[in-house]
Amino acid sequence: MNWQVATVVALEDQTPTARTIVLDVAGWPGHDAGQHVDVRLTAPDGYSAARSYSIASAVDGQLIELAVERLPDGEVSPYLAEELVAGDLLEIRGPVGGWFVWRPDQPEPVQLLAGGSGVVPLLAMARAHAMAGSRVPIRLLYSVRDPASVLYGPELDRLAGRDGGLELSYAYTRIAPEGSPRPPGRVDADLVAQATWSAELEPTCYVCGPTAFVESIADLLISAGHD
């Protein structure tokens with residue numbers, strides 16, 4: 001894969017610390033839901049830094065959408081989340097990755113489990129599922145600190161409202177909204193049993209988020225009988 005220049009065509013704040021970036025990439029070959037791109041920034045003195053960002057969008061011609069969470073001590077994310085404007089050019093490389101993907105021809109149920117900004121590649125899967133008109137059962141369990149930290153909340157609600165579409169559950173770890181059926185807390189074995197497909201259905205499970213979250217969820221799924 002070679003580096004190529006992409007043009008920023010749209011920006012939207014998702015939360016106080018995260019924004020989405022839509023890029024126009026000439027000759028984009030397409031991608032599978034779950035893949036990512038590398039983004040490289042180069043300073044005037046020649047110093048460069050590259051970071052990987054999941055693609056949030058299903059295939060849409062030459063357009064791809066990224067979501068960037070600003071890290072206080074980051075080299076790349078503060079610029080992308082705060083200073084980038086429409087019309088700017090970015091160097092990207094991709095699509096990258098071929099194993100953490102969902103394709104519309106997969107027949108088994110889909111279980112998505114997201115922690116924080118780890119929802120981004122899983123949103124791409126939910127979008128691809130809706131775009132394909134797939135009737136494969138699909139669920140998302142989204143663990144997030146509080147309602148203000150939810151990425152793509154309105155769109156997730158729309159996908160969940162689609163007939164035969166996404167089944168959506170939230171786990172708020174710090175502050176739960178009024179009327180929430182569950183008090184604030186981390187995902188545990190009881191919630192996994194209630195909000196995810198059972199192992200007997202042999203779903204493919206996709207887990208994305210901070211390392212500690214992924215390890216904890218993987219342990220819970222294996223304990224529940226998943227491969």
# chains A, B, ... in the order shown; residues from 1 in each chain; ligands from 1
call {"tool": "residues_around", "arguments": {"residues": "region 119-123 of chain A", "least_positions_apart": "4", "cutoff": "7 Å", "atoms": "only C-alpha atoms", "output": "number ranges by chain"}}
result
A: 33-34, 54-56, 67, 112, 114-115, 127, 208
call {"tool": "residues_around", "arguments": {"residues": "Val9 (chain A)", "least_positions_apart": "5", "cutoff": "6 Å", "atoms": "only C-alpha atoms", "output": "list in words"}}
result
Val22, Leu23 and Ala86 of chain A
call {"tool": "select_by_dssp", "arguments": {"residues": "region 88-150 of chain A", "states": "alpha helix (DSSP H)", "output": "short mmCIF file (atom, residue, chain, number, x, y, z; two decimals) with all heavy atoms, in the first residue's frame"}}
result
data_model
loop_
_atom_site.label_atom_id
_atom_site.label_comp_id
_atom_site.auth_asym_id
_atom_site.auth_seq_id
_atom_site.Cartn_x
_atom_site.Cartn_y
_atom_site.Cartn_z
N VAL A 119 -16.51 1.76 19.31
CA VAL A 119 -17.75 1.56 18.56
C VAL A 119 -17.56 1.87 17.07
O VAL A 119 -18.38 1.43 16.25
CB VAL A 119 -18.87 2.44 19.14
CG1 VAL A 119 -18.68 3.91 18.77
CG2 VAL A 119 -20.24 1.96 18.70
N VAL A 120 -16.50 2.57 16.70
CA VAL A 120 -16.38 3.07 15.32
C VAL A 120 -16.39 1.95 14.27
O VAL A 120 -17.21 1.96 13.36
CB VAL A 120 -15.15 3.97 15.18
CG1 VAL A 120 -14.96 4.39 13.72
CG2 VAL A 120 -15.30 5.21 16.06
N PRO A 121 -15.50 0.95 14.34
CA PRO A 121 -15.55 -0.10 13.31
C PRO A 121 -16.82 -0.94 13.40
O PRO A 121 -17.27 -1.51 12.40
CB PRO A 121 -14.30 -0.94 13.59
CG PRO A 121 -14.03 -0.73 15.04
CD PRO A 121 -14.41 0.71 15.30
N LEU A 122 -17.41 -1.02 14.61
CA LEU A 122 -18.63 -1.78 14.78
C LEU A 122 -19.82 -1.03 14.17
O LEU A 122 -20.75 -1.64 13.64
CB LEU A 122 -18.86 -2.09 16.25
CG LEU A 122 -17.67 -2.73 16.97
CD1 LEU A 122 -18.08 -3.15 18.38
CD2 LEU A 122 -17.13 -3.92 16.20
N LEU A 123 -19.78 0.31 14.22
CA LEU A 123 -20.78 1.10 13.51
C LEU A 123 -20.70 0.84 12.02
O LEU A 123 -21.73 0.72 11.35
CB LEU A 123 -20.57 2.59 13.79
CG LEU A 123 -21.45 3.52 12.94
CD1 LEU A 123 -22.90 3.43 13.34
CD2 LEU A 123 -20.95 4.96 13.01
N ALA A 124 -19.48 0.74 11.49
CA ALA A 124 -19.33 0.43 10.07
C ALA A 124 -20.01 -0.89 9.73
O ALA A 124 -20.64 -1.03 8.67
CB ALA A 124 -17.85 0.38 9.69
N MET A 125 -19.91 -1.87 10.63
CA MET A 125 -20.56 -3.16 10.41
C MET A 125 -22.08 -3.01 10.43
O MET A 125 -22.79 -3.57 9.58
CB MET A 125 -20.10 -4.17 11.45
CG MET A 125 -18.61 -4.49 11.36
SD MET A 125 -18.08 -5.65 12.66
CE MET A 125 -16.29 -5.60 12.42
N ALA A 126 -22.60 -2.24 11.39
CA ALA A 126 -24.04 -2.02 11.47
C ALA A 126 -24.54 -1.26 10.25
O ALA A 126 -25.62 -1.54 9.72
CB ALA A 126 -24.38 -1.26 12.75
N ARG A 127 -23.76 -0.30 9.78
CA ARG A 127 -24.13 0.44 8.58
C ARG A 127 -24.13 -0.47 7.36
O ARG A 127 -25.05 -0.42 6.53
CB ARG A 127 -23.15 1.59 8.36
CG ARG A 127 -23.37 2.80 9.25
CD ARG A 127 -22.25 3.82 9.09
NE ARG A 127 -22.65 5.15 9.55
CZ ARG A 127 -21.82 6.19 9.61
NH1 ARG A 127 -20.54 6.05 9.25
NH2 ARG A 127 -22.26 7.38 10.02
N ALA A 128 -23.10 -1.31 7.24
CA ALA A 128 -23.03 -2.23 6.10
C ALA A 128 -24.18 -3.23 6.14
O ALA A 128 -24.74 -3.60 5.11
CB ALA A 128 -21.68 -2.96 6.11
N HIS A 129 -24.53 -3.67 7.34
CA HIS A 129 -25.65 -4.60 7.53
C HIS A 129 -26.94 -3.96 7.03
O HIS A 129 -27.72 -4.59 6.30
CB HIS A 129 -25.74 -4.95 9.01
CG HIS A 129 -26.83 -5.90 9.39
ND1 HIS A 129 -28.12 -5.47 9.65
CD2 HIS A 129 -26.84 -7.25 9.55
CE1 HIS A 129 -28.87 -6.50 9.96
NE2 HIS A 129 -28.12 -7.60 9.91
N ALA A 130 -27.17 -2.69 7.40
CA ALA A 130 -28.38 -1.99 6.97
C ALA A 130 -28.36 -1.73 5.47
O ALA A 130 -29.38 -1.90 4.78
CB ALA A 130 -28.52 -0.69 7.73
N MET A 131 -27.21 -1.33 4.94
CA MET A 131 -27.10 -1.01 3.52
C MET A 131 -27.38 -2.24 2.66
O MET A 131 -27.99 -2.14 1.59
CB MET A 131 -25.71 -0.46 3.21
CG MET A 131 -25.50 -0.08 1.76
SD MET A 131 -23.83 0.59 1.47
CE MET A 131 -23.95 2.13 2.37
#
call {"tool": "closest_residue", "arguments": {"among": "A:His226, A:Arg145, A:Arg186, A:Arg139", "to": "Ala199 (chain A)", "atoms": "only C-alpha atoms"}}
result
A:His226
call {"tool": "closest_residue", "arguments": {"among": "A:Ser57, A:Ser149, A:Ser134, A:Ser48", "to": "Ala176 (chain A)", "atoms": "only C-alpha atoms"}}
result
A:Ser149
call {"tool": "residues_around", "arguments": {"residues": "Glu83 (chain A)", "least_positions_apart": "3", "cutoff": "12 Å", "atoms": "only C-alpha atoms", "output": "compact mmCIF listing (two decimals) with N, CA and C atoms, in the first residue's frame"}}
result
# COMPACT_ATOMS: atom_id res chain seq x y z
N LEU A 11 -16.66 17.82 8.46
CA LEU A 11 -16.28 17.58 9.84
C LEU A 11 -17.51 17.74 10.72
N ARG A 19 -14.56 13.89 17.07
CA ARG A 19 -15.20 14.42 15.87
C ARG A 19 -15.07 13.41 14.74
N ILE A 21 -14.57 12.82 10.60
CA ILE A 21 -13.88 13.44 9.47
C ILE A 21 -14.25 12.65 8.22
N ARG A 70 -9.84 12.81 20.77
CA ARG A 70 -8.66 13.58 21.14
C ARG A 70 -8.02 13.02 22.41
N VAL A 76 -1.06 13.22 17.20
CA VAL A 76 -1.85 13.33 15.98
C VAL A 76 -3.30 13.73 16.27
N SER A 77 -3.91 13.08 17.28
CA SER A 77 -5.34 13.29 17.50
C SER A 77 -5.72 14.73 17.84
N PRO A 78 -4.92 15.50 18.63
CA PRO A 78 -5.33 16.88 18.89
C PRO A 78 -5.46 17.72 17.62
N TYR A 79 -4.56 17.52 16.68
CA TYR A 79 -4.64 18.27 15.42
C TYR A 79 -5.89 17.87 14.64
N LEU A 80 -6.13 16.55 14.53
CA LEU A 80 -7.27 16.08 13.76
C LEU A 80 -8.59 16.48 14.41
N ALA A 86 -12.22 21.82 6.68
CA ALA A 86 -12.60 21.34 5.35
C ALA A 86 -11.68 21.96 4.31
N ASP A 88 -8.59 20.84 3.86
CA ASP A 88 -7.23 20.39 4.19
C ASP A 88 -6.94 19.05 3.53
call {"tool": "select_by_dssp", "arguments": {"residues": "region 102-222 of chain A", "states": "strand (DSSP E)", "output": "PyMOL selection string"}}
result
chain A and resi 110-115+138-144+167-172+204-208
call {"tool": "closest_residue", "arguments": {"among": "A:Phe213, A:Gly179, A:Thr20, A:Trp3", "to": "Tyr152 (chain A)", "atoms": "only C-alpha atoms"}}
result
A:Thr20
call {"tool": "atom_distance", "arguments": {"atom1": "CA of Val110 (chain A)", "atom2": "CA of Trp28 (chain A)"}}
result
27.0 Å
call {"tool": "residues_around", "arguments": {"residues": "Trp99 (chain A)", "least_positions_apart": "5", "cutoff": "12 Å", "atoms": "only C-alpha atoms", "output": "list in words"}}
result
Asp32, Ala33, Gly34, Gln35, His36, Thr204 and Tyr206 of chain A
call {"tool": "atom_distance", "arguments": {"atom1": "CA of Val25 (chain A)", "atom2": "CA of Gly87 (chain A)"}}
result
12.5 Å
